[in-house]
Amino acid sequence: MKIFVTGATGFVGEQLVKKLAENPQNEVHILVRSISKAKEMFSNLPNVFPFQGDLLEAEKIQKAMQECEQAYHLAAQAKVWDKNPHSFYEMNVQGTLNIVQTAIKLRLKRIVLTSTAGVLGASLNGEMITENTPLRVPLSTEYEKTKAQAEKEVQKFLDKGVEVVTVNPTRVYGGGQRSQSNAVTMLLEKYAQGKWRILPGNGKKIGNYVFIDDVVQGHLLAMQKGKNGERYILGGENVSYEELFETFAEITGKKRWLMPLPVPVMSGFAHLQMLKTRLIGSAPLITPPFVKKYLYDWQVSSQKAQKELGYTITPLKIGLQKTWEWLSGGSKG
């Protein structure tokens with residue numbers, strides 16, 4: 001089977017492509033900006049074929065997607081900040097529409113669209129967010145806003161001949177690559193090295209952390225069993241920042257003292273970063289809209305994916321143990 005994938009050189013995308021390529025009957029077509037990077041990453045996989053292009057080049061998308069039956073669309077503009085604010089709309093909304101419209105044109109059967117659990121918003125008063133929970137708090141980042149918009153736009157094409165199933169991963173961690181797209185793992189590595197000493201806010205805010213293998217399997221299950229037009233949260237365990245670091249400390253034997261950093265202080269730092277950006281053009285380490293996320297819990301439930309797809313969750317301790325084995329094993333990823 002010929003399968004089309006975008007975002008193949010990202011953290012999740014790389015692992016998904018490698019999983020798909022395990023089946024010698026699969027021919028995996030990947031749309032990438034850099035052919036050389038892709039060839040290096042997948043050098044030992046003869047059934048992975050890179051095609052140069054990006055999400056705004058419809059003709060190149062069509063060339064890469066030709067004769068494919070399935071598509072996984074993972075590519076996105078996911079940065080905290082970009083000097084071109086419109087790039088979030090271009091990549092996340094227009095790029096997604098280009099993928100869907102090309103799929104319809106080529107009569108491709110099914111797309112799994114990778115969104116983010118962030119589009120579902122924060123959880124208030126201890127509630128557990130599901131796929132159908134009304135938005136309680138306005139989305140703050142351009143990434144979340146445009147990913148939410150992309151999901152809505154795609155709904156308009158569900159009766160045009162291609163099925164679209166959306167997956168919403170939470171905070172993904174695990175071995176694979178040392179990159180910005182594997183931010184949780186990089187943070188844990190800095191903690192183990194004694195290079196990270198900050199506890200966001202009071203450390204009590206809850207997030208959901210999902211192991212990379214679960215996310216990859218969730219994509220495959222969504223393709224196999226997901227219902228057209230539905231979304232599925234691919235999550236792990238709900239824990240606070242404090243619990244996350246404590247659990248990792250137990251596993252590594254490296255417990256570090258962390259200084260709580262109040263959100264107002266973080267916000268002030270973010271505004272100074274933006275001032276620096278305006279003055280000299282350098283990318284900010286963090287932005288005021290992103291800091292707002294630290295005001296809330298982000299508890300989610302993956303019960304729908306578990307029930308309808310057969311999705312399973314790796315316990316946090318086991319996932320972190322495997323992550324530490326990868327980090328301490330010296331793998332460069």
# chains A, B, ... in the order shown; residues from 1 in each chain; ligands from 1
>>> residues_around(residues="Gln299 of chain A", least_positions_apart="3", cutoff="10 Å", atoms="only C-alpha atoms", output="number ranges by chain")
A: 117, 121-124, 126-130, 170, 205-209, 235, 237-240, 296
>>> select_by_dssp(residues="segment 101-254 of chain A", states="alpha helix (DSSP H)", output="ChimeraX atom specification")
/A:101-105,142-154,183-193,212-225,241-252
>>> closest_residue(among="A:Thr114, A:Ser87, A:Thr323, A:Ser302", to="Met186 of chain A", atoms="only C-alpha atoms")
A:Thr323
>>> residues_around(residues="Ser328 of chain A", least_positions_apart="5", cutoff="10 Å", atoms="only C-alpha atoms", output="list in words")
Glu189, Ala192, Thr252, Lys322 and Thr323 of chain A
>>> atom_distance(atom1="atom CA of Ala75 of chain A", atom2="atom CA of Arg178 of chain A")
17.6 Å
